[in-house]
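Structure data (CSV, C-alpha atoms and all ligand atoms) from run_23.csv:
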```csv
chain,number,residue,atom,x,y,z
O,8,MET,CA,26.0,-14.6,-12.8
O,9,THR,CA,26.1,-11.4,-10.8
O,10,ASP,CA,24.8,-11.8,-7.2
O,11,PHE,CA,22.4,-8.9,-7.0
O,12,ALA,CA,20.7,-9.9,-3.9
O,13,PRO,CA,23.2,-10.3,-1.0
O,14,THR,CA,22.9,-13.5,1.1
O,15,ARG,CA,20.9,-12.0,3.9
O,16,ALA,CA,18.3,-10.7,1.5
O,17,ALA,CA,18.1,-14.1,-0.2
O,18,GLU,CA,17.7,-15.7,3.2
O,19,ALA,CA,14.9,-13.3,4.1
O,20,ALA,CA,13.3,-13.9,0.7
O,21,SER,CA,13.3,-17.7,1.2
O,22,ALA,CA,11.9,-17.4,4.7
O,23,HIS,CA,9.1,-15.2,3.3
O,24,ALA,CA,8.4,-17.8,0.6
O,25,GLU,CA,8.2,-20.6,3.2
O,26,ALA,CA,5.8,-18.7,5.3
O,27,LEU,CA,3.5,-18.4,2.3
O,28,GLN,CA,2.7,-22.0,2.5
O,29,ARG,CA,1.5,-22.0,6.1
O,30,TYR,CA,-1.8,-20.1,6.1
O,31,ALA,CA,-4.8,-22.2,5.3
O,32,ILE,CA,-8.4,-21.1,4.6
O,33,ASP,CA,-10.9,-22.1,7.4
O,34,PRO,CA,-14.4,-21.9,5.8
O,35,ALA,CA,-15.8,-21.6,9.4
O,36,VAL,CA,-13.9,-18.3,9.9
O,37,HIS,CA,-13.5,-17.0,6.4
O,38,GLY,CA,-17.0,-17.3,4.7
O,39,ARG,CA,-17.6,-17.3,1.0
O,40,GLU,CA,-18.8,-13.7,0.9
O,41,PHE,CA,-15.8,-12.4,2.8
O,42,CYS,CA,-13.4,-14.3,0.6
O,43,LEU,CA,-15.0,-13.2,-2.6
O,44,ALA,CA,-14.9,-9.6,-1.4
O,45,ARG,CA,-11.1,-9.9,-0.9
O,46,VAL,CA,-10.7,-11.4,-4.4
O,47,SER,CA,-12.7,-8.5,-5.8
O,48,ASP,CA,-10.6,-6.0,-3.9
O,49,MET,CA,-7.4,-7.4,-5.3
O,50,LEU,CA,-8.7,-7.7,-8.8
O,51,ARG,CA,-10.0,-4.1,-8.8
O,52,VAL,CA,-6.5,-2.9,-7.9
O,53,ARG,CA,-4.8,-5.2,-10.3
O,54,ARG,CA,-7.0,-4.3,-13.3
O,55,MET,CA,-6.9,-0.6,-12.5
O,56,GLU,CA,-3.1,-0.5,-12.4
O,57,GLU,CA,-2.6,-2.7,-15.5
O,58,ARG,CA,-4.7,-0.1,-17.4
O,59,CYS,CA,-2.7,2.7,-15.8
O,60,ALA,CA,0.5,1.2,-17.2
O,61,GLN,CA,-1.1,1.0,-20.7
O,62,LEU,CA,-2.4,4.6,-20.4
O,63,TYR,CA,1.1,5.7,-19.4
O,64,GLY,CA,2.4,4.2,-22.6
O,65,GLU,CA,-0.2,6.2,-24.5
O,66,THR,CA,0.9,9.4,-22.6
O,67,LYS,CA,-2.6,9.8,-21.2
O,68,ILE,CA,-1.0,9.5,-17.8
O,69,ARG,CA,2.2,11.4,-17.3
O,70,GLY,CA,4.8,12.1,-14.6
O,71,PHE,CA,5.7,9.4,-12.1
O,72,LEU,CA,3.7,6.2,-11.8
O,73,HIS,CA,4.5,3.5,-9.2
O,74,LEU,CA,2.5,0.3,-9.5
O,75,VAL,CA,1.7,-1.9,-6.5
O,76,ILE,CA,1.1,-5.0,-8.7
O,77,GLY,CA,2.1,-8.1,-6.7
O,78,GLU,CA,1.5,-6.3,-3.3
O,79,GLU,CA,-2.3,-6.2,-3.5
O,80,ALA,CA,-2.8,-8.4,-0.4
O,81,VAL,CA,-1.4,-5.6,1.8
O,82,ALA,CA,-4.2,-3.0,1.2
O,83,ALA,CA,-6.8,-5.7,0.6
O,84,GLY,CA,-6.0,-7.3,4.0
O,85,VAL,CA,-5.6,-4.2,6.2
O,86,LEU,CA,-8.1,-1.7,5.0
O,87,PRO,CA,-11.4,-3.7,5.4
O,88,ASN,CA,-10.6,-3.7,9.1
O,89,LEU,CA,-10.7,0.1,9.4
O,90,ALA,CA,-13.7,2.1,10.4
O,91,PRO,CA,-14.9,5.4,8.7
O,92,GLU,CA,-13.5,7.5,11.5
O,93,ASP,CA,-10.0,6.1,11.1
O,94,ASN,CA,-7.3,7.9,9.2
O,95,VAL,CA,-5.1,6.4,6.4
O,96,VAL,CA,-1.7,7.7,5.3
O,97,ALA,CA,0.2,6.0,2.5
O,98,THR,CA,3.1,6.4,0.1
O,99,TYR,CA,3.4,7.2,-3.6
O,100,ARG,CA,2.6,3.6,-4.3
O,101,GLU,CA,-0.9,4.3,-3.0
O,102,HIS,CA,-3.5,3.8,-5.9
O,103,GLY,CA,-4.8,0.5,-4.4
O,104,HIS,CA,-4.9,1.9,-0.9
O,105,ALA,CA,-7.0,4.9,-2.0
O,106,LEU,CA,-9.3,2.6,-4.0
O,107,LEU,CA,-9.9,0.1,-1.2
O,108,ARG,CA,-10.3,2.9,1.4
O,109,GLY,CA,-13.3,4.0,-0.7
O,110,VAL,CA,-12.1,6.7,-3.0
O,111,SER,CA,-14.0,6.1,-6.3
O,112,MET,CA,-12.0,4.7,-9.2
O,113,LYS,CA,-13.4,7.5,-11.3
O,114,ALA,CA,-11.9,10.2,-9.0
O,115,ILE,CA,-8.6,8.3,-8.9
O,116,MET,CA,-8.4,7.8,-12.7
O,117,ALA,CA,-9.3,11.5,-13.3
O,118,GLU,CA,-6.5,12.5,-10.9
O,119,MET,CA,-4.0,10.3,-12.9
O,120,PHE,CA,-5.1,12.2,-16.0
O,121,GLY,CA,-4.6,15.5,-14.3
O,122,LYS,CA,-8.3,16.4,-14.7
O,123,GLN,CA,-10.3,18.7,-12.4
O,124,GLU,CA,-12.6,15.9,-11.5
O,125,GLY,CA,-9.7,14.1,-9.8
O,126,CYS,CA,-9.7,13.5,-6.1
O,127,SER,CA,-6.9,16.2,-5.7
O,128,ARG,CA,-8.5,18.3,-8.4
O,129,GLY,CA,-6.0,17.2,-10.9
O,130,ARG,CA,-3.1,18.9,-9.2
O,131,GLY,CA,-1.6,15.9,-7.4
O,132,GLY,CA,-1.4,13.1,-9.9
O,133,SER,CA,-0.4,9.5,-9.2
O,134,MET,CA,1.7,10.2,-6.1
O,135,HIS,CA,-0.7,12.6,-4.3
O,136,LEU,CA,-4.1,11.0,-4.2
O,137,PHE,CA,-6.0,12.6,-1.3
O,138,ASP,CA,-9.6,12.4,-0.1
O,139,ARG,CA,-10.8,14.1,3.0
O,140,ALA,CA,-14.3,12.4,2.9
O,141,THR,CA,-12.7,8.9,3.4
O,142,ARG,CA,-9.9,10.3,5.7
O,143,PHE,CA,-7.3,9.3,3.1
O,144,TYR,CA,-4.5,11.7,3.8
O,145,GLY,CA,-2.3,10.9,0.9
O,146,GLY,CA,-0.3,9.9,-1.2
O,147,ASN,CA,3.2,11.1,-0.2
O,148,ALA,CA,6.2,11.5,-2.5
O,149,ILE,CA,8.8,11.8,0.3
O,150,VAL,CA,10.1,8.5,1.6
O,151,GLY,CA,9.2,8.4,5.2
O,152,GLY,CA,7.2,11.6,4.8
O,153,GLY,CA,3.9,10.0,5.8
O,154,LEU,CA,5.1,8.8,9.2
O,155,PRO,CA,5.2,12.2,11.0
O,156,LEU,CA,1.8,13.1,9.4
O,157,ALA,CA,0.3,9.9,10.8
O,158,VAL,CA,1.8,10.7,14.3
O,159,GLY,CA,0.3,14.2,14.0
O,160,LEU,CA,-3.1,12.9,13.0
O,161,ALA,CA,-3.1,10.4,15.9
O,162,LEU,CA,-2.0,13.2,18.3
O,163,ALA,CA,-4.9,15.4,17.1
O,164,ASP,CA,-7.3,12.5,17.7
O,165,THR,CA,-5.9,12.1,21.2
O,166,MET,CA,-6.2,15.8,22.0
O,167,LEU,CA,-9.6,16.6,20.4
O,168,PRO,CA,-10.5,13.9,21.5
O,169,ARG,CA,-11.8,11.5,18.9
O,170,PRO,CA,-11.8,8.4,21.1
O,171,GLY,CA,-11.6,5.1,19.1
O,172,ALA,CA,-10.1,6.6,16.0
O,173,VAL,CA,-6.9,4.9,14.8
O,174,THR,CA,-4.4,6.0,12.1
O,175,ALA,CA,-3.1,3.4,9.7
O,176,CYS,CA,0.3,4.4,8.3
O,177,PHE,CA,1.6,2.5,5.3
O,178,PHE,CA,5.2,2.9,4.3
O,179,GLY,CA,8.0,1.0,2.5
O,180,GLU,CA,10.9,-0.7,4.2
O,181,GLY,CA,13.1,2.0,2.6
O,182,ALA,CA,11.7,4.5,5.1
O,183,VAL,CA,13.4,2.9,8.1
O,184,ALA,CA,16.7,4.5,6.9
O,185,GLU,CA,15.1,7.9,7.4
O,186,GLY,CA,15.4,10.0,10.5
O,187,ALA,CA,11.6,10.7,10.3
O,188,PHE,CA,10.9,7.0,10.8
O,189,HIS,CA,12.8,6.9,14.1
O,190,GLU,CA,11.4,10.2,15.3
O,191,SER,CA,7.9,9.1,14.5
O,192,MET,CA,8.3,5.7,16.2
O,193,ASN,CA,9.7,7.4,19.3
O,194,LEU,CA,7.0,10.0,19.6
O,195,ALA,CA,4.2,7.5,18.9
O,196,ALA,CA,5.5,5.2,21.6
O,197,LEU,CA,6.4,8.0,24.1
O,198,TRP,CA,3.0,9.7,23.8
O,199,ARG,CA,1.0,6.5,23.4
O,200,LEU,CA,-0.6,7.4,20.1
O,201,PRO,CA,-3.0,5.1,18.3
O,202,VAL,CA,-1.1,4.4,15.1
O,203,LEU,CA,-0.9,1.1,13.3
O,204,PHE,CA,2.4,1.3,11.4
O,205,VAL,CA,2.3,-1.0,8.4
O,206,CYS,CA,5.7,-1.6,6.8
O,207,GLU,CA,5.4,-2.9,3.3
O,208,ASN,CA,8.6,-4.8,3.1
O,209,ASN,CA,9.1,-5.7,-0.6
O,210,LEU,CA,12.9,-6.1,-0.1
O,211,TYR,CA,13.9,-3.2,-2.3
O,212,ALA,CA,14.0,0.6,-2.1
O,213,MET,CA,14.3,1.5,-5.8
O,214,GLY,CA,17.3,-0.6,-6.7
O,215,THR,CA,18.7,-1.1,-3.2
O,216,ALA,CA,18.2,-4.4,-1.5
O,217,LEU,CA,17.4,-4.0,2.2
O,218,SER,CA,20.5,-5.8,3.2
O,219,ARG,CA,22.7,-3.3,1.3
O,220,SER,CA,21.4,-0.4,3.4
O,221,GLU,CA,20.4,-1.9,6.8
O,222,ALA,CA,22.6,-3.7,9.4
O,223,GLN,CA,19.5,-5.3,10.9
O,224,ILE,CA,17.1,-6.6,8.3
O,225,ASP,CA,14.6,-8.0,10.8
O,226,LEU,CA,12.8,-4.7,11.1
O,227,THR,CA,10.7,-5.8,14.1
O,228,LYS,CA,14.0,-5.9,16.1
O,229,LYS,CA,14.2,-2.1,15.8
O,230,LEU,CA,11.0,-1.9,17.8
O,231,ALA,CA,12.8,-2.8,21.1
O,232,GLY,CA,14.4,0.7,21.0
O,233,TYR,CA,11.0,2.3,21.3
O,234,GLY,CA,9.3,-0.3,23.6
O,235,MET,CA,6.8,-0.9,20.8
O,236,ALA,CA,5.2,-4.3,19.9
O,237,GLY,CA,5.0,-5.7,16.4
O,238,VAL,CA,4.9,-8.8,14.3
O,239,GLN,CA,6.0,-10.1,10.9
O,240,VAL,CA,3.4,-11.3,8.6
O,241,ASN,CA,3.2,-13.0,5.2
O,242,GLY,CA,2.1,-10.0,3.1
O,243,MET,CA,1.3,-12.2,0.0
O,244,ASN,CA,-1.5,-13.9,1.8
O,245,VAL,CA,-4.6,-11.7,2.1
O,246,LEU,CA,-6.1,-13.7,4.9
O,247,ALA,CA,-2.9,-13.7,7.0
O,248,VAL,CA,-2.7,-9.9,6.5
O,249,HIS,CA,-6.4,-9.5,7.4
O,250,ASP,CA,-6.1,-11.6,10.6
O,251,ALA,CA,-2.9,-9.8,11.7
O,252,ALA,CA,-4.4,-6.4,11.0
O,253,ARG,CA,-7.7,-7.2,12.8
O,254,GLN,CA,-5.8,-8.3,15.9
O,255,ALA,CA,-3.4,-5.4,15.7
O,256,LEU,CA,-6.1,-2.8,15.4
O,257,ALA,CA,-8.1,-4.3,18.3
O,258,ARG,CA,-5.0,-3.9,20.4
O,259,VAL,CA,-4.3,-0.3,19.3
O,260,ARG,CA,-8.0,0.6,20.0
O,261,GLU,CA,-7.8,-1.0,23.4
O,262,THR,CA,-4.4,0.2,24.6
O,263,ARG,CA,-4.3,3.5,22.6
O,264,ALA,CA,-0.7,2.6,22.0
O,265,PRO,CA,1.0,2.1,18.6
O,266,PHE,CA,1.7,-1.3,17.0
O,267,PHE,CA,3.9,-2.4,14.1
O,268,LEU,CA,3.1,-4.8,11.3
O,269,GLU,CA,6.0,-5.9,9.0
O,270,LEU,CA,4.4,-7.4,5.9
O,271,HIS,CA,6.6,-9.4,3.7
O,272,THR,CA,5.7,-8.7,0.1
O,273,TYR,CA,7.2,-8.2,-3.3
O,274,ARG,CA,6.5,-5.9,-6.3
O,275,PHE,CA,6.3,-7.7,-9.6
O,276,ARG,CA,6.8,-4.6,-11.7
O,277,ALA,CA,9.6,-2.1,-11.9
O,278,HIS,CA,10.0,0.5,-9.2
O,279,SER,CA,8.4,3.1,-11.4
O,280,MET,CA,8.0,3.6,-15.2
O,281,PHE,CA,11.7,4.5,-15.5
O,282,ASP,CA,13.5,1.5,-14.1
O,283,PRO,CA,15.5,-1.1,-16.2
O,284,GLU,CA,15.6,-3.4,-13.1
O,285,LEU,CA,19.3,-4.1,-13.3
O,286,TYR,CA,19.4,-4.9,-9.6
O,287,ARG,CA,17.5,-8.2,-9.5
O,288,HIS,CA,17.4,-11.4,-11.5
O,289,LYS,CA,14.3,-12.2,-13.6
O,290,ALA,CA,14.3,-15.7,-11.9
O,291,GLU,CA,13.8,-14.0,-8.5
O,292,VAL,CA,10.8,-12.1,-9.8
O,293,GLU,CA,9.4,-15.3,-11.4
O,294,ARG,CA,9.8,-17.1,-8.0
O,295,TRP,CA,7.8,-14.5,-6.3
O,296,LYS,CA,5.2,-14.4,-9.0
O,297,ALA,CA,4.5,-18.1,-8.2
O,298,HIS,CA,3.4,-16.8,-4.8
O,299,GLY,CA,1.2,-14.0,-6.3
O,300,PRO,CA,-1.5,-12.9,-3.9
O,301,ILE,CA,-4.4,-13.3,-6.3
O,302,HIS,CA,-3.9,-16.6,-8.0
O,303,THR,CA,-2.7,-18.4,-4.8
O,304,PHE,CA,-5.8,-17.2,-3.0
O,305,THR,CA,-8.2,-18.1,-5.8
O,306,ASP,CA,-6.6,-21.5,-6.2
O,307,LYS,CA,-7.1,-22.3,-2.6
O,308,LEU,CA,-10.7,-20.9,-2.7
O,309,LYS,CA,-11.5,-23.1,-5.6
O,310,ALA,CA,-9.9,-26.2,-4.0
O,311,SER,CA,-12.0,-25.6,-0.8
O,312,GLY,CA,-15.2,-25.2,-2.8
O,313,LEU,CA,-15.7,-21.6,-1.7
O,314,MET,CA,-15.4,-20.1,-5.2
O,315,THR,CA,-16.0,-21.4,-8.8
O,316,GLU,CA,-14.3,-20.3,-12.0
O,317,ALA,CA,-17.5,-18.6,-12.9
O,318,ASP,CA,-17.4,-16.5,-9.7
O,319,PHE,CA,-13.9,-15.5,-10.6
O,320,GLN,CA,-14.8,-14.5,-14.2
O,321,ARG,CA,-17.8,-12.5,-12.8
O,322,LEU,CA,-15.6,-10.5,-10.4
O,323,ASP,CA,-12.9,-10.0,-13.0
O,324,ALA,CA,-15.4,-8.8,-15.6
O,325,ALA,CA,-16.9,-6.4,-13.0
O,326,ALA,CA,-13.4,-5.0,-12.2
O,327,THR,CA,-12.7,-4.5,-15.9
O,328,ALA,CA,-16.0,-2.8,-16.5
O,329,GLU,CA,-15.3,-0.4,-13.5
O,330,VAL,CA,-11.9,0.4,-15.1
O,331,ASP,CA,-13.6,1.1,-18.5
O,332,GLU,CA,-16.0,3.5,-16.8
O,333,ALA,CA,-13.3,5.2,-14.8
O,334,VAL,CA,-11.2,5.8,-17.9
O,335,ALA,CA,-14.2,7.1,-19.9
O,336,PHE,CA,-14.9,9.5,-16.9
O,337,ALA,CA,-11.3,10.7,-16.9
O,338,GLU,CA,-11.2,11.2,-20.7
O,339,ALA,CA,-14.4,13.3,-20.5
O,340,GLY,CA,-13.0,15.3,-17.6
O,341,THR,CA,-11.9,19.0,-17.8
O,342,TRP,CA,-8.5,20.5,-17.8
O,343,GLU,CA,-8.0,23.4,-15.3
O,344,ALA,CA,-8.0,26.7,-17.1
O,345,VAL,CA,-4.5,28.1,-17.6
O,346,SER,CA,-5.7,31.4,-16.0
O,347,ASP,CA,-6.3,29.4,-12.7
O,348,LEU,CA,-2.8,28.0,-12.6
O,349,ALA,CA,-1.7,30.3,-9.8
O,350,ARG,CA,-4.8,29.7,-7.7
O,351,GLY,CA,-3.9,28.3,-4.4
O,352,VAL,CA,-0.2,29.0,-4.9
O,353,SER,CA,1.4,31.5,-2.5
O,354,ALA,CA,4.8,32.8,-2.0
O,355,ALA,CA,6.1,34.9,0.9
O,356,ALA,CA,7.7,38.2,0.1
O,357,SER,CA,11.3,38.5,1.3
M,401,LIG,C1,13.4,11.6,1.3
M,401,LIG,C2,13.5,10.9,0.0
M,401,LIG,N1,14.7,10.4,-0.4
M,401,LIG,C3,14.8,9.7,-1.6
M,401,LIG,C4,13.7,9.7,-2.4
M,401,LIG,C5,13.8,8.9,-3.8
M,401,LIG,N2,13.1,7.6,-3.7
M,401,LIG,C6,11.8,7.5,-4.2
M,401,LIG,S1,11.2,6.0,-3.9
M,401,LIG,C7,12.5,5.5,-3.1
M,401,LIG,C8,12.6,4.1,-2.6
M,401,LIG,C9,11.7,3.8,-1.4
M,401,LIG,O1,11.6,2.5,-1.2
M,401,LIG,P1,10.6,1.9,-0.1
M,401,LIG,O2,10.4,2.8,1.0
M,401,LIG,O3,11.0,0.5,0.2
M,401,LIG,O4,9.2,1.8,-0.9
M,401,LIG,P2,8.8,1.0,-2.2
M,401,LIG,O5,9.1,1.9,-3.4
M,401,LIG,O6,9.6,-0.2,-2.2
M,401,LIG,O7,7.3,0.8,-2.2
M,401,LIG,C10,13.5,6.5,-3.0
M,401,LIG,C11,14.8,6.4,-2.4
M,401,LIG,C12,12.5,10.2,-2.0
M,401,LIG,N3,11.4,10.2,-2.7
M,401,LIG,N4,12.4,10.8,-0.8
M,402,MG,MG,10.5,-1.3,-0.7
```
Can you dump the structure from the file as structure tokens?
Amino acid sequence: MTDFAPTRAAEAASAHAEALQRYAIDPAVHGREFCLARVSDMLRVRRMEERCAQLYGETKIRGFLHLVIGEEAVAAGVLPNLAPEDNVVATYREHGHALLRGVSMKAIMAEMFGKQEGCSRGRGGSMHLFDRATRFYGGNAIVGGGLPLAVGLALADTMLPRPGAVTACFFGEGAVAEGAFHESMNLAALWRLPVLFVCENNLYAMGTALSRSEAQIDLTKKLAGYGMAGVQVNGMNVLAVHDAARQALARVRETRAPFFLELHTYRFRAHSMFDPELYRHKAEVERWKAHGPIHTFTDKLKASGLMTEADFQRLDAAATAEVDEAVAFAEAGTWEAVSDLARGVSAAAS
């Protein structure tokens, strides 16, 4: 059998899997309402994206489509900790982040369809969800492209000033190979900018395992070069992510200095809709699915008496109903007139 995942990646993967077992629910800290809200968050993302995949097959959604299925605990753990005045920057795998930041599912789905009612007026599509009202600054197709934007937003907040505002910057581990990552980390630390860097380490950048491209796969070791603090967290456990993000954000707000979270997670689907997944074994995917963020959490909640199967069914039905409404809204949306195609497009004369 071909060894797709080199040894160090396999070691990292099993360390991640071990860490998954260690985080218990404490009903005194994590109340029923809070826990059900996190289940609801993850289900809304999961059901929305499953429908997106189906709509892609029907060519209702076109272009690129990157699903975050398997990684829902990341957005569901970090985003509830943010305040309305905070900024969010994400990658092209950002549908769930936009939704849980507060962008309506209708506006997201209409954007996927390319309709004018979309959050980017139908001109952005899947990779460029944007919503000023919720300070959701994208959706970025360029690997590492969001990091300098986050640093710029935090710099603006420092200069205006908007005291207390923090910028949460989500990016994949593939971004650490980019110069923009290192420049952003350096400037954020040098200028003491309030950025929470959230690295979504799902072990692969398209088909490249982290250990094939990085000499140091413990990404928090890179922080020493910038005098920045950070921690590694089990990104498959929504409570672990939530607790780590809460503490990290409190620290950023207090110190006005950046902090780094490396969240260990795994995507269950292909990189995008055009990916035969020749770079990893099916057995590896199945192993990670056993640690899926939704069912592991709901199993624990049921075992601890905080949630019943009826609760789960109710939340699931609500998520599906919301998706149905969002799709109907997108279907009924309007295409931009061809005569408007050049609106907002400019070119400099030579
Ligand atoms: C600057 C740049 N180089 C290459 C690409 C092509 N590309 C698209 S996604 C991707 C992998 C990124 O992986 P990662 O940052 O780990 O995010 P993930 O897809 O795993 O969420 C690459 C190389 C790109 N979009 N931008
Ligand atoms: Mg990745």
Checklist entry - Using all atoms listed in the file, which residues sit within 12 Å of region 308-311 of chain O once same-chain residues fewer than 3 positions away are excluded, as a ChimeraX atom specification? => result /O:31-35,37-43,45-46,246,301-305,314-319
Restrict the calculation to all atoms listed in the file, then for each residue of chain O with any atom at most 8 Å from an atom of ligand LIG 401 (chain M) give the closest atom pair and their distance in Å to one decimal, rows by chain and rising residue number, as a Markdown table.
```
| residue | atom | partner | partner_atom | distance |
| --- | --- | --- | --- | --- |
| O:His73 | CA | M:LIG401 | O5 | 7.6 |
| O:Val75 | CA | M:LIG401 | O7 | 7.6 |
| O:Thr98 | CA | M:LIG401 | O7 | 7.4 |
| O:Tyr99 | CA | M:LIG401 | O7 | 7.6 |
| O:Arg100 | CA | M:LIG401 | O7 | 5.9 |
| O:Ala148 | CA | M:LIG401 | N3 | 5.4 |
| O:Ile149 | CA | M:LIG401 | N4 | 3.9 |
| O:Val150 | CA | M:LIG401 | N4 | 4.0 |
| O:Gly151 | CA | M:LIG401 | C1 | 6.6 |
| O:Gly152 | CA | M:LIG401 | C1 | 7.1 |
| O:Phe178 | CA | M:LIG401 | O2 | 6.2 |
| O:Gly179 | CA | M:LIG401 | O2 | 3.4 |
| O:Glu180 | CA | M:LIG401 | O3 | 4.2 |
| O:Gly181 | CA | M:LIG401 | O2 | 3.2 |
| O:Ala182 | CA | M:LIG401 | O2 | 4.6 |
| O:Val183 | CA | M:LIG401 | O2 | 7.7 |
| O:Glu185 | CA | M:LIG401 | C1 | 7.3 |
| O:Glu207 | CA | M:LIG401 | O7 | 6.9 |
| O:Asn208 | CA | M:LIG401 | O3 | 6.5 |
| O:Asn209 | CA | M:LIG401 | O6 | 5.7 |
| O:Leu210 | CA | M:LIG401 | O3 | 6.9 |
| O:Tyr211 | CA | M:LIG401 | O6 | 5.2 |
| O:Ala212 | CA | M:LIG401 | O1 | 3.2 |
| O:Met213 | CA | M:LIG401 | C8 | 4.5 |
| O:Gly214 | CA | M:LIG401 | C8 | 7.8 |
| O:Arg274 | CA | M:LIG401 | O6 | 7.7 |
| O:His278 | CA | M:LIG401 | O5 | 6.0 |
```
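For the pair CA of Arg260 (chain O) and CA of Leu167 (chain O), the separation is 16.1 Å.
Here CA of Met55 (chain O) is placed at a distance of 26.5 Å from CA of Leu203 (chain O).
Shell of Arg253 (chain O) at 8 Å, with all atoms listed in the file counted and residues fewer than 3 places along the chain excluded, is Val85, Asn88, His249, Asp250, Leu256 and Ala257 of chain O.
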